[in-house]
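Structure file target-v5.txt; described as compact mmCIF, C-alpha atoms.
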# COMPACT_ATOMS: atom_id res chain seq x y z
CA MET A 42 2.67 -8.75 32.50
CA THR A 43 0.39 -5.76 32.67
CA ASP A 44 -1.39 -5.36 35.99
CA ASP A 45 -4.88 -4.66 34.71
CA CYS A 46 -4.94 -7.11 31.80
CA ILE A 47 -7.19 -10.13 32.20
CA PHE A 48 -5.21 -12.17 29.66
CA CYS A 49 -1.92 -11.43 31.43
CA LYS A 50 -3.55 -12.66 34.64
CA ILE A 51 -4.72 -15.83 32.90
CA ILE A 52 -1.22 -16.41 31.46
CA ASP A 53 0.24 -15.81 34.91
CA GLY A 54 -2.21 -18.28 36.48
CA GLU A 55 -3.89 -15.64 38.66
CA ILE A 56 -7.23 -16.13 36.92
CA PRO A 57 -8.43 -19.62 35.96
CA SER A 58 -9.11 -20.52 32.34
CA HIS A 59 -9.91 -23.53 30.23
CA LYS A 60 -6.45 -24.08 28.79
CA ILE A 61 -6.02 -26.09 25.63
CA TYR A 62 -2.38 -25.47 24.83
CA GLU A 63 0.65 -23.62 26.14
CA ASP A 64 4.24 -23.20 25.04
CA GLU A 65 6.93 -20.57 25.59
CA ASN A 66 5.27 -18.10 23.22
CA ILE A 67 1.51 -18.64 23.24
CA ILE A 68 -1.44 -19.87 25.21
CA ALA A 69 -4.70 -21.21 23.75
CA ILE A 70 -7.83 -21.13 25.91
CA LEU A 71 -11.54 -21.54 25.42
CA ASP A 72 -13.35 -18.23 25.02
CA ALA A 73 -15.16 -17.53 28.30
CA ASN A 74 -18.25 -16.50 26.33
CA PRO A 75 -18.15 -18.99 23.46
CA VAL A 76 -20.25 -18.56 20.34
CA SER A 77 -19.84 -22.21 19.35
CA LYS A 78 -18.46 -25.47 20.67
CA GLY A 79 -14.67 -25.20 20.71
CA HIS A 80 -14.45 -21.41 20.29
CA THR A 81 -10.79 -20.88 21.18
CA LEU A 82 -8.49 -17.88 21.64
CA VAL A 83 -4.84 -17.98 20.57
CA ILE A 84 -2.91 -15.42 22.61
CA PRO A 85 0.76 -14.41 22.69
CA LYS A 86 2.23 -14.50 26.20
CA LYS A 87 3.94 -11.17 25.68
CA HIS A 88 1.52 -8.32 26.26
CA VAL A 89 0.89 -6.37 23.08
CA GLU A 90 -2.37 -4.62 22.35
CA THR A 91 -2.86 -5.00 18.63
CA ILE A 92 -1.52 -6.43 15.38
CA HIS A 93 0.53 -3.27 14.95
CA GLU A 94 2.85 -4.36 17.76
CA ALA A 95 2.95 -8.01 16.71
CA GLY A 96 6.04 -7.94 14.51
CA GLY A 97 8.27 -10.92 15.26
CA MET A 98 5.35 -13.03 16.47
CA ASN A 99 5.18 -15.31 13.44
CA PHE A 100 4.69 -18.22 15.86
CA LEU A 101 1.07 -17.06 16.14
CA HIS A 102 0.37 -18.47 12.67
CA GLU A 103 1.60 -21.88 13.73
CA GLY A 104 -0.71 -21.65 16.74
CA LEU A 105 -3.68 -20.92 14.48
CA VAL A 106 -2.90 -23.89 12.26
CA ASN A 107 -2.43 -26.30 15.16
CA VAL A 108 -5.58 -25.20 17.01
CA SER A 109 -7.64 -25.26 13.79
CA ASN A 110 -6.45 -28.78 13.02
CA ALA A 111 -7.27 -29.97 16.53
CA LEU A 112 -10.76 -28.43 16.37
CA GLU A 113 -11.32 -30.08 13.00
CA LYS A 114 -10.35 -33.49 14.35
CA ALA A 115 -12.22 -33.09 17.63
CA PHE A 116 -15.56 -31.78 16.36
CA ASN A 117 -15.64 -32.08 12.55
CA PRO A 118 -17.25 -28.64 12.14
CA ASP A 119 -18.65 -27.41 8.81
CA GLY A 120 -16.07 -24.63 8.75
CA ILE A 121 -13.74 -22.51 10.86
CA ASN A 122 -13.52 -18.73 11.14
CA ILE A 123 -10.38 -16.99 12.29
CA ALA A 124 -10.79 -13.39 13.43
CA GLN A 125 -8.61 -10.81 15.11
CA ASN A 126 -9.97 -7.38 16.06
CA ASN A 127 -7.96 -4.22 16.60
CA GLY A 128 -9.56 -1.25 18.29
CA GLU A 129 -12.85 -0.80 20.07
CA LYS A 130 -14.62 0.21 16.84
CA ALA A 131 -13.44 -3.05 15.30
CA GLY A 132 -14.92 -5.09 18.14
CA GLN A 133 -11.84 -5.54 20.33
CA GLU A 134 -12.90 -6.08 23.93
CA VAL A 135 -9.70 -7.22 25.64
CA PHE A 136 -6.70 -5.07 24.77
CA HIS A 137 -4.20 -7.89 24.65
CA LEU A 138 -3.81 -9.24 21.11
CA HIS A 139 -5.78 -12.45 20.48
CA PHE A 140 -7.08 -14.46 17.54
CA HIS A 141 -10.50 -16.10 17.71
CA VAL A 142 -10.66 -19.57 16.18
CA THR A 143 -14.35 -20.37 15.87
CA PRO A 144 -15.76 -23.65 14.60
CA ILE A 145 -18.87 -23.13 12.48
CA TYR A 146 -21.62 -25.70 12.47
CA GLU A 147 -24.61 -25.89 10.15
CA GLY A 148 -27.40 -23.86 11.74
CA ASN A 149 -25.12 -21.53 13.69
CA GLU A 150 -23.21 -19.88 10.89
CA LEU A 151 -21.65 -16.51 11.36
CA ASP A 152 -23.69 -13.62 9.99
CA VAL A 153 -21.39 -10.78 9.00
CA THR A 154 -22.67 -7.47 7.75
CA TYR A 155 -20.49 -4.60 6.73
CA ASN A 156 -21.92 -1.13 6.47
CA ARG A 157 -20.02 -0.16 3.37
CA GLY A 158 -18.30 3.17 3.31
CA ASP A 159 -17.81 5.43 0.33
CA LEU A 160 -15.18 3.99 -1.92
CA GLU A 161 -12.92 5.83 -4.29
CA GLU A 162 -11.08 4.35 -7.24
CA ALA A 163 -8.82 1.45 -6.37
CA GLU A 164 -5.73 2.86 -8.10
CA LYS A 165 -5.62 5.81 -5.71
CA THR A 166 -6.10 3.52 -2.70
CA VAL A 167 -3.28 1.22 -3.82
CA GLU A 168 -0.87 4.10 -4.22
CA GLU A 169 -1.69 5.48 -0.79
CA ILE A 170 -0.99 2.10 0.83
CA LYS A 171 2.17 1.39 -1.15
CA GLN A 172 3.68 4.66 0.01
CA LYS A 173 3.44 3.38 3.59
CA LEU A 174 4.85 -0.11 3.05
CA MET B 181 -0.71 -23.03 -9.80
CA THR B 182 -4.15 -24.55 -9.98
CA ASP B 183 -5.87 -24.07 -13.32
CA ASP B 184 -9.29 -23.02 -12.10
CA CYS B 185 -8.20 -20.82 -9.16
CA ILE B 186 -8.72 -17.09 -9.59
CA PHE B 187 -6.04 -16.24 -7.00
CA CYS B 188 -3.48 -18.49 -8.73
CA LYS B 189 -4.29 -16.65 -11.97
CA ILE B 190 -3.80 -13.30 -10.23
CA ILE B 191 -0.49 -14.47 -8.76
CA ASP B 192 0.57 -15.72 -12.19
CA GLY B 193 -0.38 -12.38 -13.77
CA GLU B 194 -3.10 -13.86 -15.99
CA ILE B 195 -5.81 -11.81 -14.28
CA PRO B 196 -5.20 -8.18 -13.32
CA SER B 197 -5.40 -7.06 -9.70
CA HIS B 198 -4.66 -4.03 -7.58
CA LYS B 199 -1.39 -5.23 -6.13
CA ILE B 200 -0.08 -3.65 -2.93
CA TYR B 201 2.81 -5.96 -2.09
CA GLU B 202 4.58 -9.03 -3.38
CA ASP B 203 7.52 -11.14 -2.25
CA GLU B 204 8.60 -14.72 -2.78
CA ASN B 205 5.94 -16.09 -0.43
CA ILE B 206 2.91 -13.81 -0.51
CA ILE B 207 0.93 -11.31 -2.50
CA ALA B 208 -1.29 -8.56 -1.05
CA ILE B 209 -4.05 -7.14 -3.25
CA LEU B 210 -7.11 -4.98 -2.80
CA ASP B 211 -10.30 -7.01 -2.44
CA ALA B 212 -12.19 -6.75 -5.74
CA ASN B 213 -15.41 -6.17 -3.82
CA PRO B 214 -14.15 -4.03 -0.93
CA VAL B 215 -16.24 -3.38 2.17
CA SER B 216 -14.12 -0.37 3.18
CA LYS B 217 -11.33 1.80 1.87
CA GLY B 218 -8.14 -0.24 1.89
CA HIS B 219 -9.78 -3.68 2.28
CA THR B 220 -6.82 -5.92 1.44
CA LEU B 221 -6.24 -9.65 0.99
CA VAL B 222 -3.01 -11.33 2.11
CA ILE B 223 -2.53 -14.51 0.08
CA PRO B 224 0.21 -17.17 0.04
CA LYS B 225 1.57 -17.79 -3.45
CA LYS B 226 1.45 -21.54 -2.92
CA HIS B 227 -2.04 -22.87 -3.54
CA VAL B 228 -3.56 -24.26 -0.37
CA GLU B 229 -7.27 -24.23 0.31
CA THR B 230 -7.55 -23.66 4.03
CA ILE B 231 -5.74 -23.02 7.29
CA HIS B 232 -5.47 -26.78 7.74
CA GLU B 233 -2.88 -26.96 4.97
CA ALA B 234 -1.04 -23.79 6.02
CA GLY B 235 1.60 -25.35 8.26
CA GLY B 236 5.01 -23.81 7.55
CA MET B 237 3.48 -20.57 6.30
CA ASN B 238 4.40 -18.47 9.34
CA PHE B 239 5.40 -15.68 6.93
CA LEU B 240 1.67 -14.96 6.60
CA HIS B 241 1.70 -13.39 10.05
CA GLU B 242 4.44 -10.97 9.03
CA GLY B 243 2.33 -10.08 5.99
CA LEU B 244 -0.66 -9.30 8.21
CA VAL B 245 1.43 -7.05 10.45
CA ASN B 246 3.04 -5.17 7.56
CA VAL B 247 -0.22 -4.62 5.69
CA SER B 248 -2.04 -3.57 8.88
CA ASN B 249 0.70 -1.06 9.66
CA ALA B 250 0.59 0.38 6.15
CA LEU B 251 -3.21 0.70 6.27
CA GLU B 252 -2.95 2.41 9.63
CA LYS B 253 -0.45 4.94 8.32
CA ALA B 254 -2.23 5.49 5.02
CA PHE B 255 -5.81 5.95 6.24
CA ASN B 256 -5.78 6.26 10.04
CA PRO B 257 -8.85 4.03 10.42
CA ASP B 258 -10.70 3.63 13.73
CA GLY B 259 -9.78 -0.05 13.81
CA ILE B 260 -8.74 -3.03 11.73
CA ASN B 261 -10.37 -6.45 11.43
CA ILE B 262 -8.44 -9.49 10.32
CA ALA B 263 -10.52 -12.46 9.16
CA GLN B 264 -9.84 -15.77 7.50
CA ASN B 265 -12.67 -18.11 6.53
CA ASN B 266 -12.42 -21.84 6.00
CA GLY B 267 -15.24 -23.70 4.27
CA GLU B 268 -18.33 -22.51 2.47
CA LYS B 269 -20.39 -22.54 5.67
CA ALA B 270 -17.81 -20.24 7.24
CA GLY B 271 -18.10 -17.75 4.38
CA GLN B 272 -15.15 -18.84 2.23
CA GLU B 273 -15.78 -17.87 -1.39
CA VAL B 274 -12.39 -18.44 -3.05
CA PHE B 275 -10.82 -21.75 -2.15
CA HIS B 276 -7.27 -20.49 -2.00
CA LEU B 277 -6.32 -19.47 1.54
CA HIS B 278 -6.51 -15.72 2.18
CA PHE B 279 -6.71 -13.32 5.10
CA HIS B 280 -8.91 -10.24 4.89
CA VAL B 281 -7.40 -7.11 6.43
CA THR B 282 -10.26 -4.64 6.71
CA PRO B 283 -9.91 -1.07 7.97
CA ILE B 284 -12.91 -0.03 10.07
CA TYR B 285 -14.08 3.57 10.05
CA GLU B 286 -16.63 5.17 12.34
CA GLY B 287 -20.03 4.75 10.71
CA ASN B 288 -19.16 1.60 8.77
CA GLU B 289 -18.30 -0.75 11.59
CA LEU B 290 -18.56 -4.46 11.12
CA ASP B 291 -21.75 -6.01 12.44
CA VAL B 292 -21.11 -9.60 13.45
CA THR B 293 -23.84 -11.88 14.68
CA TYR B 294 -23.33 -15.44 15.72
CA ASN B 295 -26.26 -17.79 15.96
CA ARG B 296 -25.12 -19.53 19.08
CA GLY B 297 -25.21 -23.29 19.16
CA ASP B 298 -25.91 -25.49 22.12
CA LEU B 299 -22.93 -25.49 24.41
CA GLU B 300 -21.88 -28.17 26.81
CA GLU B 301 -19.57 -27.77 29.76
CA ALA B 302 -16.17 -26.33 28.93
CA GLU B 303 -14.19 -29.04 30.71
CA LYS B 304 -15.48 -31.68 28.31
CA THR B 305 -14.77 -29.47 25.32
CA VAL B 306 -11.20 -28.82 26.46
CA GLU B 307 -10.47 -32.49 26.89
CA GLU B 308 -11.80 -33.32 23.44
CA ILE B 309 -9.55 -30.69 21.83
CA LYS B 310 -6.45 -31.59 23.86
CA GLN B 311 -6.71 -35.19 22.70
CA LYS B 312 -6.25 -33.96 19.14
CA LEU B 313 -3.33 -31.58 19.69
Translate this structure into structure tokens?
Amino acid sequence: MTDDCIFCKIIDGEIPSHKIYEDENIIAILDANPVSKGHTLVIPKKHVETIHEAGGMNFLHEGLVNVSNALEKAFNPDGINIAQNNGEKAGQEVFHLHFHVTPIYEGNELDVTYNRGDLEEAEKTVEEIKQKL
Amino acid sequence: MTDDCIFCKIIDGEIPSHKIYEDENIIAILDANPVSKGHTLVIPKKHVETIHEAGGMNFLHEGLVNVSNALEKAFNPDGINIAQNNGEKAGQEVFHLHFHVTPIYEGNELDVTYNRGDLEEAEKTVEEIKQKL
């Protein structure tokens, strides 16, 4: 637990939440500021900030599948978005790793716009990444 | 392999791609229409359409971590977005499950807008989901 982390406080029971699921590794709660009915967060209990520290947390995938399936059965949405943001510039607001699972309904679709950066040839990009894998 | 699936054809080597990583379970390739430098797709080799069929594919999480770490080291972006879309209304374009791993750089941040739907009280929503878990 990290003293100033709102998600650690929720996991620890210090702050109330709308809990959907909990096991030894994860908690799933409704987003406190939902963008659609059933907007859920899947959160590892261990405090890590970003995906870069999430090695060994493969159980998160199982959480995403189970929550997505439950949302599908409960609300029959027209689609589901899964999103996970790392860094303030990428839209991260709480610095404890979490995945958004957001049901999409006709009429309240997600509108995503990327401001495209300059792009160089793909071959060079691939080589630069491969060197770091 | 599914005959009319572009990702199955890429995995099978029938269609060229900019491949970053491959193992027995996954392939990681550059997005053919990248929104930023290093925009990568993490794709299971087994053809499944959506997250709902992705039970048992926990290795996808490890792929997300490894690709994110390589992108971080290669390009030092200001953030990274991970996104996975299920259903046409949720923005899915290729109906073979895939996660986008998108480096975010200052000046080409992601702009996400949700058209919020009507929301009822959270307690009711929680109960409806829990019944399906």
With chain A held fixed, move chain B onto it by a least-squares fit of all C-alpha atoms in order and give the output as a PDB file with C-alpha atoms, keeping the file's coordinate frame.
ATOM      1  CA  MET B 181       2.687  -8.794  32.538  1.00  0.00           C
ATOM      2  CA  THR B 182       0.404  -5.803  32.683  1.00  0.00           C
ATOM      3  CA  ASP B 183      -1.373  -5.384  36.001  1.00  0.00           C
ATOM      4  CA  ASP B 184      -4.861  -4.658  34.738  1.00  0.00           C
ATOM      5  CA  CYS B 185      -4.932  -7.120  31.804  1.00  0.00           C
ATOM      6  CA  ILE B 186      -7.191 -10.135  32.217  1.00  0.00           C
ATOM      7  CA  PHE B 187      -5.224 -12.180  29.656  1.00  0.00           C
ATOM      8  CA  CYS B 188      -1.916 -11.438  31.422  1.00  0.00           C
ATOM      9  CA  LYS B 189      -3.551 -12.650  34.647  1.00  0.00           C
ATOM     10  CA  ILE B 190      -4.717 -15.826  32.903  1.00  0.00           C
ATOM     11  CA  ILE B 191      -1.236 -16.402  31.475  1.00  0.00           C
ATOM     12  CA  ASP B 192       0.255 -15.808  34.921  1.00  0.00           C
ATOM     13  CA  GLY B 193      -2.206 -18.271  36.479  1.00  0.00           C
ATOM     14  CA  GLU B 194      -3.901 -15.656  38.672  1.00  0.00           C
ATOM     15  CA  ILE B 195      -7.243 -16.150  36.924  1.00  0.00           C
ATOM     16  CA  PRO B 196      -8.448 -19.627  35.960  1.00  0.00           C
ATOM     17  CA  SER B 197      -9.121 -20.523  32.335  1.00  0.00           C
ATOM     18  CA  HIS B 198      -9.909 -23.540  30.214  1.00  0.00           C
ATOM     19  CA  LYS B 199      -6.449 -24.070  28.806  1.00  0.00           C
ATOM     20  CA  ILE B 200      -6.026 -26.095  25.617  1.00  0.00           C
ATOM     21  CA  TYR B 201      -2.371 -25.468  24.818  1.00  0.00           C
ATOM     22  CA  GLU B 202       0.645 -23.628  26.137  1.00  0.00           C
ATOM     23  CA  ASP B 203       4.251 -23.201  25.048  1.00  0.00           C
ATOM     24  CA  GLU B 204       6.917 -20.584  25.602  1.00  0.00           C
ATOM     25  CA  ASN B 205       5.275 -18.108  23.225  1.00  0.00           C
ATOM     26  CA  ILE B 206       1.520 -18.644  23.263  1.00  0.00           C
ATOM     27  CA  ILE B 207      -1.443 -19.873  25.222  1.00  0.00           C
ATOM     28  CA  ALA B 208      -4.697 -21.216  23.738  1.00  0.00           C
ATOM     29  CA  ILE B 209      -7.825 -21.123  25.901  1.00  0.00           C
ATOM     30  CA  LEU B 210     -11.542 -21.541  25.409  1.00  0.00           C
ATOM     31  CA  ASP B 211     -13.353 -18.225  25.018  1.00  0.00           C
ATOM     32  CA  ALA B 212     -15.172 -17.532  28.295  1.00  0.00           C
ATOM     33  CA  ASN B 213     -18.250 -16.493  26.336  1.00  0.00           C
ATOM     34  CA  PRO B 214     -18.145 -18.984  23.455  1.00  0.00           C
ATOM     35  CA  VAL B 215     -20.253 -18.554  20.329  1.00  0.00           C
ATOM     36  CA  SER B 216     -19.836 -22.217  19.334  1.00  0.00           C
ATOM     37  CA  LYS B 217     -18.453 -25.459  20.670  1.00  0.00           C
ATOM     38  CA  GLY B 218     -14.675 -25.210  20.693  1.00  0.00           C
ATOM     39  CA  HIS B 219     -14.448 -21.407  20.295  1.00  0.00           C
ATOM     40  CA  THR B 220     -10.785 -20.870  21.176  1.00  0.00           C
ATOM     41  CA  LEU B 221      -8.483 -17.880  21.644  1.00  0.00           C
ATOM     42  CA  VAL B 222      -4.831 -17.969  20.567  1.00  0.00           C
ATOM     43  CA  ILE B 223      -2.901 -15.409  22.612  1.00  0.00           C
ATOM     44  CA  PRO B 224       0.782 -14.400  22.692  1.00  0.00           C
ATOM     45  CA  LYS B 225       2.231 -14.502  26.199  1.00  0.00           C
ATOM     46  CA  LYS B 226       3.941 -11.161  25.679  1.00  0.00           C
ATOM     47  CA  HIS B 227       1.518  -8.311  26.263  1.00  0.00           C
ATOM     48  CA  VAL B 228       0.893  -6.369  23.079  1.00  0.00           C
ATOM     49  CA  GLU B 229      -2.363  -4.609  22.356  1.00  0.00           C
ATOM     50  CA  THR B 230      -2.840  -4.984  18.631  1.00  0.00           C
ATOM     51  CA  ILE B 231      -1.525  -6.427  15.391  1.00  0.00           C
ATOM     52  CA  HIS B 232       0.530  -3.265  14.955  1.00  0.00           C
ATOM     53  CA  GLU B 233       2.853  -4.348  17.756  1.00  0.00           C
ATOM     54  CA  ALA B 234       2.949  -8.015  16.718  1.00  0.00           C
ATOM     55  CA  GLY B 235       6.040  -7.928  14.513  1.00  0.00           C
ATOM     56  CA  GLY B 236       8.276 -10.920  15.258  1.00  0.00           C
ATOM     57  CA  MET B 237       5.359 -13.017  16.480  1.00  0.00           C
ATOM     58  CA  ASN B 238       5.187 -15.309  13.445  1.00  0.00           C
ATOM     59  CA  PHE B 239       4.690 -18.228  15.858  1.00  0.00           C
ATOM     60  CA  LEU B 240       1.071 -17.059  16.142  1.00  0.00           C
ATOM     61  CA  HIS B 241       0.381 -18.459  12.688  1.00  0.00           C
ATOM     62  CA  GLU B 242       1.602 -21.898  13.733  1.00  0.00           C
ATOM     63  CA  GLY B 243      -0.711 -21.651  16.745  1.00  0.00           C
ATOM     64  CA  LEU B 244      -3.680 -20.899  14.488  1.00  0.00           C
ATOM     65  CA  VAL B 245      -2.908 -23.884  12.266  1.00  0.00           C
ATOM     66  CA  ASN B 246      -2.438 -26.299  15.169  1.00  0.00           C
ATOM     67  CA  VAL B 247      -5.581 -25.203  16.999  1.00  0.00           C
ATOM     68  CA  SER B 248      -7.644 -25.255  13.785  1.00  0.00           C
ATOM     69  CA  ASN B 249      -6.445 -28.778  13.029  1.00  0.00           C
ATOM     70  CA  ALA B 250      -7.277 -29.976  16.533  1.00  0.00           C
ATOM     71  CA  LEU B 251     -10.759 -28.424  16.368  1.00  0.00           C
ATOM     72  CA  GLU B 252     -11.316 -30.057  13.006  1.00  0.00           C
ATOM     73  CA  LYS B 253     -10.362 -33.475  14.337  1.00  0.00           C
ATOM     74  CA  ALA B 254     -12.224 -33.089  17.615  1.00  0.00           C
ATOM     75  CA  PHE B 255     -15.568 -31.769  16.352  1.00  0.00           C
ATOM     76  CA  ASN B 256     -15.647 -32.067  12.551  1.00  0.00           C
ATOM     77  CA  PRO B 257     -17.256 -28.634  12.143  1.00  0.00           C
ATOM     78  CA  ASP B 258     -18.646 -27.401   8.812  1.00  0.00           C
ATOM     79  CA  GLY B 259     -16.064 -24.621   8.754  1.00  0.00           C
ATOM     80  CA  ILE B 260     -13.740 -22.506  10.855  1.00  0.00           C
ATOM     81  CA  ASN B 261     -13.523 -18.723  11.147  1.00  0.00           C
ATOM     82  CA  ILE B 262     -10.379 -16.987  12.288  1.00  0.00           C
ATOM     83  CA  ALA B 263     -10.782 -13.379  13.433  1.00  0.00           C
ATOM     84  CA  GLN B 264      -8.610 -10.802  15.111  1.00  0.00           C
ATOM     85  CA  ASN B 265      -9.972  -7.385  16.055  1.00  0.00           C
ATOM     86  CA  ASN B 266      -7.960  -4.236  16.599  1.00  0.00           C
ATOM     87  CA  GLY B 267      -9.554  -1.241  18.302  1.00  0.00           C
ATOM     88  CA  GLU B 268     -12.855  -0.789  20.063  1.00  0.00           C
ATOM     89  CA  LYS B 269     -14.608   0.222  16.839  1.00  0.00           C
ATOM     90  CA  ALA B 270     -13.439  -3.042  15.292  1.00  0.00           C
ATOM     91  CA  GLY B 271     -14.927  -5.075  18.141  1.00  0.00           C
ATOM     92  CA  GLN B 272     -11.842  -5.536  20.328  1.00  0.00           C
ATOM     93  CA  GLU B 273     -12.904  -6.072  23.938  1.00  0.00           C
ATOM     94  CA  VAL B 274      -9.679  -7.202  25.639  1.00  0.00           C
ATOM     95  CA  PHE B 275      -6.697  -5.062  24.767  1.00  0.00           C
ATOM     96  CA  HIS B 276      -4.193  -7.878  24.655  1.00  0.00           C
ATOM     97  CA  LEU B 277      -3.812  -9.240  21.123  1.00  0.00           C
ATOM     98  CA  HIS B 278      -5.779 -12.436  20.469  1.00  0.00           C
ATOM     99  CA  PHE B 279      -7.077 -14.451  17.540  1.00  0.00           C
ATOM    100  CA  HIS B 280     -10.492 -16.087  17.715  1.00  0.00           C
ATOM    101  CA  VAL B 281     -10.661 -19.562  16.183  1.00  0.00           C
ATOM    102  CA  THR B 282     -14.354 -20.348  15.862  1.00  0.00           C
ATOM    103  CA  PRO B 283     -15.754 -23.648  14.596  1.00  0.00           C
ATOM    104  CA  ILE B 284     -18.859 -23.118  12.458  1.00  0.00           C
ATOM    105  CA  TYR B 285     -21.620 -25.708  12.453  1.00  0.00           C
ATOM    106  CA  GLU B 286     -24.599 -25.886  10.129  1.00  0.00           C
ATOM    107  CA  GLY B 287     -27.394 -23.874  11.720  1.00  0.00           C
ATOM    108  CA  ASN B 288     -25.135 -21.528  13.680  1.00  0.00           C
ATOM    109  CA  GLU B 289     -23.216 -19.893  10.877  1.00  0.00           C
ATOM    110  CA  LEU B 290     -21.660 -16.516  11.356  1.00  0.00           C
ATOM    111  CA  ASP B 291     -23.692 -13.624  10.003  1.00  0.00           C
ATOM    112  CA  VAL B 292     -21.388 -10.790   9.012  1.00  0.00           C
ATOM    113  CA  THR B 293     -22.666  -7.480   7.757  1.00  0.00           C
ATOM    114  CA  TYR B 294     -20.490  -4.610   6.734  1.00  0.00           C
ATOM    115  CA  ASN B 295     -21.921  -1.139   6.467  1.00  0.00           C
ATOM    116  CA  ARG B 296     -20.047  -0.174   3.366  1.00  0.00           C
ATOM    117  CA  GLY B 297     -18.312   3.163   3.296  1.00  0.00           C
ATOM    118  CA  ASP B 298     -17.829   5.419   0.335  1.00  0.00           C
ATOM    119  CA  LEU B 299     -15.192   3.976  -1.920  1.00  0.00           C
ATOM    120  CA  GLU B 300     -12.952   5.810  -4.300  1.00  0.00           C
ATOM    121  CA  GLU B 301     -11.087   4.337  -7.224  1.00  0.00           C
ATOM    122  CA  ALA B 302      -8.813   1.438  -6.359  1.00  0.00           C
ATOM    123  CA  GLU B 303      -5.751   2.853  -8.107  1.00  0.00           C
ATOM    124  CA  LYS B 304      -5.636   5.794  -5.715  1.00  0.00           C
ATOM    125  CA  THR B 305      -6.114   3.525  -2.723  1.00  0.00           C
ATOM    126  CA  VAL B 306      -3.287   1.231  -3.824  1.00  0.00           C
ATOM    127  CA  GLU B 307      -0.873   4.092  -4.234  1.00  0.00           C
ATOM    128  CA  GLU B 308      -1.678   5.471  -0.797  1.00  0.00           C
ATOM    129  CA  ILE B 309      -0.994   2.087   0.831  1.00  0.00           C
ATOM    130  CA  LYS B 310       2.179   1.374  -1.160  1.00  0.00           C
ATOM    131  CA  GLN B 311       3.674   4.657   0.008  1.00  0.00           C
ATOM    132  CA  LYS B 312       3.442   3.368   3.569  1.00  0.00           C
ATOM    133  CA  LEU B 313       4.859  -0.127   3.046  1.00  0.00           C
TER     134      LEU B 313
END
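Close contacts of Glu233 of chain B, defined as residues with an atom at most 10 Å away when counting only C-alpha atoms, with chain neighbours fewer than 6 positions off set aside, comprise Val106 and Asn110 of chain A; His227 and Leu277 of chain B.
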* B:Ser216, B:Ser197, B:Thr230, B:Asn238 ranked by distance to Pro257 of chain B, top pick (using all atoms listed in the file) -> B:Ser216
* Structure fact -> note - atom CA of Phe275 of chain B and atom CA of Ile223 of chain B are separated by 11.2 Å
* Protein and nucleic acid residues near (-12.1, -35.8, 23.7) (cut-off 12 Å, only C-alpha atoms) as JSON, numbers by chain -> {"A": [61, 79, 111, 112, 114, 115, 116], "B": [302, 303, 304, 305, 306, 307, 308, 309, 310, 311, 312, 313]}
* To do: Considering only C-alpha atoms, state which residue in the set B:Asp203, B:Glu194, B:Asp258, B:Glu273 is at the smallest distance from chain A.
  =>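 Under the stated criterion, the closest residue is B:Asp258.
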* Asked: Could you state the separation of atom CA of Ala131 of chain A and atom CA of His198 of chain B in Å, given to one decimal place?
  ->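 These two atoms are separated by 24.5 Å.
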* Long-range neighbours of Gly128 of chain A as a PyMOL selection string, 12 Å cut-off, all atoms listed in the file, 3 positions minimum in chain -> (chain A and resi 90-93+125+131-138) or (chain B and resi 252+256-262+283-286+289-290)
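Each of B:Gly236, B:Phe279, B:Glu301, B:Asn205 was compared to Lys78 of chain A using only C-alpha atoms, and B:Glu301 turns out to be the nearest.
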* So how far away is atom CA of Glu204 of chain B from atom CA of Glu65 of chain A, in Å? ->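 That distance, rounded to one decimal, is 29.0 Å.
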